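*Asks:* Contents of final-v4.txt (compact mmCIF, C-alpha atoms):
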```txt
# COMPACT_ATOMS: atom_id res chain seq x y z
CA MET A 18 59.84 26.71 -12.00
CA THR A 19 57.04 24.47 -13.19
CA ASP A 20 53.52 25.59 -12.22
CA PRO A 21 52.02 22.72 -10.09
CA CYS A 22 48.66 23.37 -11.74
CA THR A 23 50.01 22.98 -15.24
CA PRO A 24 49.06 19.56 -16.64
CA SER A 25 52.03 17.26 -16.75
CA PRO A 26 53.15 15.97 -20.13
CA GLU A 27 53.16 12.55 -18.52
CA ALA A 28 49.97 10.57 -18.05
CA TYR A 29 49.86 11.35 -14.32
CA PRO A 30 47.72 14.27 -13.02
CA SER A 31 49.46 17.17 -11.29
CA ASP A 32 49.16 17.80 -7.54
CA CYS A 33 46.82 20.68 -8.32
CA GLU A 34 44.60 18.45 -10.45
CA LEU A 35 44.50 15.85 -7.68
CA MET A 36 43.48 18.45 -5.09
CA GLU A 37 40.76 19.81 -7.35
CA GLY A 38 39.49 16.28 -7.84
CA TYR A 39 39.26 15.82 -4.06
CA ARG A 40 37.42 19.14 -3.76
CA ASP A 41 34.92 18.08 -6.44
CA LEU A 42 34.34 14.80 -4.61
CA ALA A 43 33.75 16.62 -1.32
CA ARG A 44 31.37 19.10 -2.96
CA ASN A 45 29.41 16.25 -4.57
CA ARG A 46 29.09 14.46 -1.24
CA ILE A 47 27.84 17.62 0.47
CA ALA A 48 25.31 18.19 -2.33
CA GLU A 49 24.10 14.58 -2.07
CA ALA A 50 23.76 14.87 1.72
CA GLU A 51 21.72 18.06 1.32
CA GLN A 52 19.47 16.40 -1.27
CA ASP A 53 18.99 13.40 1.03
CA ALA A 54 18.01 15.74 3.88
CA VAL A 55 15.46 17.51 1.67
CA ARG A 56 13.99 14.17 0.51
CA ARG A 57 13.77 12.94 4.11
CA GLN A 58 11.94 16.06 5.25
CA ALA A 59 9.48 15.69 2.37
CA LEU A 60 8.93 12.05 3.33
CA LEU A 61 8.36 12.96 6.99
CA ALA A 62 5.77 15.50 5.86
CA ARG A 63 4.03 12.80 3.79
CA ALA A 64 4.03 10.42 6.77
CA GLU A 65 2.73 12.90 9.35
CA PRO A 66 -1.01 12.59 8.47
CA ILE A 67 -0.98 8.76 8.56
CA ARG A 68 -3.62 7.33 10.91
CA LEU A 69 -3.70 3.71 9.74
CA LEU A 70 -0.90 1.29 8.85
CA LEU A 71 -1.87 -1.72 6.75
CA LEU A 72 0.54 -4.58 6.11
CA ASP A 73 1.00 -7.55 3.88
CA VAL A 74 2.04 -10.64 5.87
CA ASP A 75 4.36 -12.98 3.98
CA GLY A 76 7.62 -11.18 3.25
CA VAL A 77 6.67 -8.21 5.43
CA LEU A 78 5.60 -9.38 8.89
CA THR A 79 7.49 -12.63 8.14
CA ASP A 80 10.55 -13.43 6.06
CA GLY A 81 8.31 -15.14 3.54
CA SER A 82 8.97 -18.68 4.76
CA ILE A 83 5.99 -21.02 5.21
CA HIS A 84 6.19 -24.02 7.55
CA TYR A 85 3.84 -26.98 7.13
CA ALA A 86 3.27 -29.40 9.98
CA ASP A 87 2.55 -33.09 9.28
CA ALA A 88 -1.11 -32.52 10.10
CA GLY A 89 -1.30 -29.79 7.46
CA ALA A 90 -1.26 -26.78 9.77
CA GLU A 91 0.65 -23.76 8.53
CA GLY A 92 3.17 -22.05 10.78
CA LYS A 93 4.82 -18.62 10.52
CA THR A 94 7.56 -16.85 12.43
CA PHE A 95 7.01 -13.27 13.57
CA ASN A 96 9.45 -10.67 14.87
CA THR A 97 9.04 -9.29 18.40
CA GLN A 98 10.54 -5.91 17.45
CA ASP A 99 7.91 -5.54 14.75
CA GLY A 100 5.27 -6.36 17.34
CA PHE A 101 6.60 -3.75 19.75
CA GLY A 102 6.64 -1.15 16.98
CA LEU A 103 2.98 -1.86 16.22
CA ARG A 104 2.21 -1.60 19.93
CA LEU A 105 3.86 1.84 19.97
CA LEU A 106 1.70 2.96 17.06
CA ARG A 107 -1.39 1.84 18.96
CA GLU A 108 -0.25 3.86 21.97
CA ALA A 109 0.18 6.83 19.63
CA GLY A 110 -3.42 6.48 18.47
CA LEU A 111 -2.83 4.83 15.10
CA GLU A 112 -4.81 1.81 13.91
CA THR A 113 -3.18 -1.21 12.25
CA GLY A 114 -4.27 -4.10 10.08
CA VAL A 115 -3.28 -6.79 7.58
CA ILE A 116 -4.41 -7.63 4.06
CA THR A 117 -3.06 -10.96 2.83
CA ALA A 118 -3.82 -13.37 0.02
CA ARG A 119 -3.25 -16.41 2.23
CA THR A 120 -5.31 -17.63 5.20
CA SER A 121 -3.59 -18.75 8.36
CA GLU A 122 -4.66 -19.23 11.98
CA ALA A 123 -1.16 -18.09 12.97
CA VAL A 124 -1.85 -14.72 11.35
CA ALA A 125 -5.24 -14.46 13.05
CA ARG A 126 -3.65 -15.17 16.41
CA ARG A 127 -0.83 -12.67 15.83
CA ALA A 128 -3.35 -10.01 14.82
CA ARG A 129 -5.34 -10.64 18.02
CA ASP A 130 -2.16 -10.41 20.10
CA LEU A 131 -1.33 -7.06 18.48
CA GLN A 132 -4.95 -5.82 18.74
CA MET A 133 -5.13 -5.09 15.02
CA ARG A 134 -8.43 -3.58 14.00
CA TYR A 135 -8.51 -4.77 10.40
CA VAL A 136 -7.73 -8.39 9.49
CA HIS A 137 -8.45 -9.45 5.90
CA GLN A 138 -7.18 -12.90 4.92
CA GLY A 139 -7.65 -14.97 1.78
CA ILE A 140 -8.01 -11.82 -0.32
CA ALA A 141 -7.53 -12.40 -4.05
CA ASN A 142 -7.97 -8.71 -4.90
CA LYS A 143 -6.46 -6.52 -2.19
CA LEU A 144 -8.11 -3.41 -3.58
CA THR A 145 -11.52 -4.76 -2.55
CA ALA A 146 -10.39 -5.13 1.08
CA TYR A 147 -8.73 -1.72 1.01
CA GLN A 148 -11.90 -0.03 -0.22
CA ALA A 149 -13.92 -1.79 2.47
CA ILE A 150 -11.49 -0.55 5.12
CA MET A 151 -11.75 2.99 3.79
CA ARG A 152 -15.54 2.87 4.00
CA GLU A 153 -15.49 1.45 7.53
CA SER A 154 -12.80 3.78 8.86
CA GLY A 155 -13.84 6.92 7.00
CA LEU A 156 -10.17 7.60 6.27
CA LYS A 157 -8.82 9.15 3.09
CA PRO A 158 -5.94 7.63 1.08
CA PHE A 159 -3.46 10.26 2.36
CA GLU A 160 -4.13 9.03 5.91
CA ILE A 161 -3.25 5.40 5.15
CA ALA A 162 0.13 3.68 4.82
CA TYR A 163 0.74 0.24 3.38
CA MET A 164 3.83 -1.98 3.32
CA GLY A 165 4.11 -4.77 0.75
CA ASP A 166 6.83 -6.77 -0.94
CA ASP A 167 5.53 -8.22 -4.23
CA TRP A 168 3.42 -7.53 -7.31
CA LEU A 169 0.14 -8.34 -5.53
CA ASP A 170 0.77 -5.25 -3.41
CA LEU A 171 1.21 -2.76 -6.25
CA VAL A 172 -2.52 -2.13 -6.51
CA LEU A 173 -2.45 -0.66 -2.99
CA LEU A 174 1.00 0.91 -3.04
CA THR A 175 -0.07 3.17 -5.88
CA ARG A 176 -3.16 4.36 -3.98
CA VAL A 177 -2.10 5.01 -0.38
CA GLY A 178 -0.62 8.16 1.10
CA LEU A 179 2.57 6.41 2.17
CA ALA A 180 3.77 3.38 0.23
CA ALA A 181 6.44 1.31 1.96
CA ALA A 182 8.54 -1.75 1.16
CA PRO A 183 10.97 -3.94 3.09
CA ALA A 184 14.53 -4.38 1.86
CA ASN A 185 13.66 -7.79 0.39
CA ALA A 186 10.83 -6.44 -1.80
CA VAL A 187 11.01 -6.98 -5.57
CA ASP A 188 12.38 -4.08 -7.61
CA GLU A 189 9.01 -3.00 -8.99
CA VAL A 190 7.63 -2.62 -5.47
CA LYS A 191 10.64 -0.62 -4.28
CA GLN A 192 10.30 1.68 -7.27
CA SER A 193 6.63 2.27 -6.40
CA SER A 194 7.35 3.00 -2.72
CA HIS A 195 8.06 6.25 -0.90
CA PHE A 196 9.76 4.45 2.01
CA VAL A 197 12.10 1.47 1.65
CA SER A 198 13.41 0.02 4.91
CA THR A 199 17.01 -1.04 5.42
CA ARG A 200 15.76 -4.23 7.11
CA MET A 201 14.22 -7.35 5.63
CA GLY A 202 10.65 -8.50 6.10
CA GLY A 203 10.32 -10.51 9.32
CA HIS A 204 13.57 -8.97 10.57
CA GLY A 205 12.54 -5.51 11.74
CA ALA A 206 11.27 -3.86 8.54
CA VAL A 207 7.90 -3.10 10.13
CA ARG A 208 9.55 -1.77 13.28
CA GLU A 209 11.67 0.57 11.17
CA LEU A 210 8.53 1.91 9.49
CA CYS A 211 6.73 2.28 12.84
CA THR A 212 9.64 4.29 14.25
CA PHE A 213 9.62 6.51 11.18
CA LEU A 214 5.90 7.19 11.61
CA LEU A 215 6.45 8.15 15.25
CA GLU A 216 9.24 10.48 14.17
CA ALA A 217 6.99 12.07 11.53
CA LYS A 218 4.42 12.81 14.25
CA GLY A 219 7.04 14.25 16.59
CA LEU A 220 6.52 11.44 19.10
CA LYS A 221 9.68 9.37 18.79
CA GLU A 222 11.71 11.09 21.51
CA GLN A 223 8.68 11.35 23.80
CA PHE A 224 8.04 7.61 23.56
CA LEU A 225 11.73 6.81 23.97
CA GLN A 226 11.87 8.88 27.16
CA ARG A 227 8.72 7.19 28.43
CA TYR A 228 10.37 3.78 28.22
CA THR A 229 13.77 5.04 29.36
CA ASN A 230 12.37 6.54 32.56
CA ARG A 231 10.25 3.57 33.65
```
Go through the file and emit its structure as structure tokens.

*Replies:*
Amino acid sequence: MTDPCTPSPEAYPSDCELMEGYRDLARNRIAEAEQDAVRRQALLARAEPIRLLLLDVDGVLTDGSIHYADAGAEGKTFNTQDGFGLRLLREAGLETGVITARTSEAVARRARDLQMRYVHQGIANKLTAYQAIMRESGLKPFEIAYMGDDWLDLVLLTRVGLAAAPANAVDEVKQSSHFVSTRMGGHGAVRELCTFLLEAKGLKEQFLQRYTNR
């Protein structure tokens, strides 16, 4: 009788070879899942000390689109889920803010609505604004998170404790980030990061129950 594990003289693999291939695939998937779990725990530990979340605007709080009215006013579209996530952070005792190269009254109004503490617009060098915020807040880099989507943000992403990027960020920004959301800027990326920060602080389930039981 032919041994089922003996390689066949034909080009086709034996039943034994097929089964071993499936076992290897299963083992690889388990190993990858374990590695992902270890990486996630390390990322949660990095996020736990965060006390301030700073954000770029275009491509992060918005999808990057800019709308010009006939009179020259600039309009932007913001996401309500992002806004609720930032509200949750405020309830958890975290501060928030924006650092953006552009200047827009729509951004100023949105920041007021969300009670952001730090609003820096028209900033050519974001590092200058970041350093000013550090002096004012007294926070250390490991206590600050920043989410950006393009090259202008790299100067901050390489300095903060938690660097984050939305799914639509350019490759160089994603490669420089600890956290990359599954959602696009202006479509829940900030909310995803806010929820992750709450989880890192052990507050996610507590806040969920608070809103569930209202």

*Asks:* One decimal, Å: what's the distance from atom CA of Ala206 of chain A over to atom CA of Gln148 of chain A, could you say?

*Replies:* 25.1 Å

*Asks:* Sorted by chain and rising residue number, list the residues of segment 36-97 of chain A at most 6 Å from segment 197-202 of chain A (counting only C-alpha atoms), each with its closest atom pair and distance in Å to one decimal, as JSON lines.

*Replies:*
```
{"residue": "A:Gly76", "atom": "CA", "partner": "A:Gly202", "partner_atom": "CA", "distance": 4.9}
{"residue": "A:Val77", "atom": "CA", "partner": "A:Gly202", "partner_atom": "CA", "distance": 4.0}
{"residue": "A:Leu78", "atom": "CA", "partner": "A:Gly202", "partner_atom": "CA", "distance": 5.8}
{"residue": "A:Thr79", "atom": "CA", "partner": "A:Gly202", "partner_atom": "CA", "distance": 5.6}
{"residue": "A:Asp80", "atom": "CA", "partner": "A:Gly202", "partner_atom": "CA", "distance": 4.9}
```

*Asks:* Which is closest to Leu174 of chain A among A:Glu189, A:Asp130, A:Asp75, A:Asp41, if we use all atoms listed in the file?

*Replies:*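 Nearest candidate to Leu174 of chain A out of A:Glu189, A:Asp130, A:Asp75, A:Asp41: A:Glu189.
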
*Asks:* So how many Å separate atom CA of Cys211 of chain A and atom CA of Met133 of chain A, to one decimal?

*Replies:*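 About the pair atom CA of Cys211 of chain A and atom CA of Met133 of chain A: they are 14.1 Å apart.
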
*Asks:* With a distance cut-off of 6 Å and only C-alpha atoms, select the neighbouring residues of Ile67 of chain A, excluding the residue or stretch itself and same-chain residues fewer than 2 positions from it, and output the selection as a ChimeraX atom specification.

*Replies:* /A:64-65,69,160-161

*Asks:* One number please: atom CA of Leu220 of chain A to atom CA of Leu60 of chain A, in Å, one decimal.

*Replies:* 16.0 Å

*Asks:* Between A:Ser82, A:Gly203, A:Leu214, A:Gly165, single out the one closest to Lys191 of chain A, counting all atoms listed in the file.

*Replies:* A:Gly165
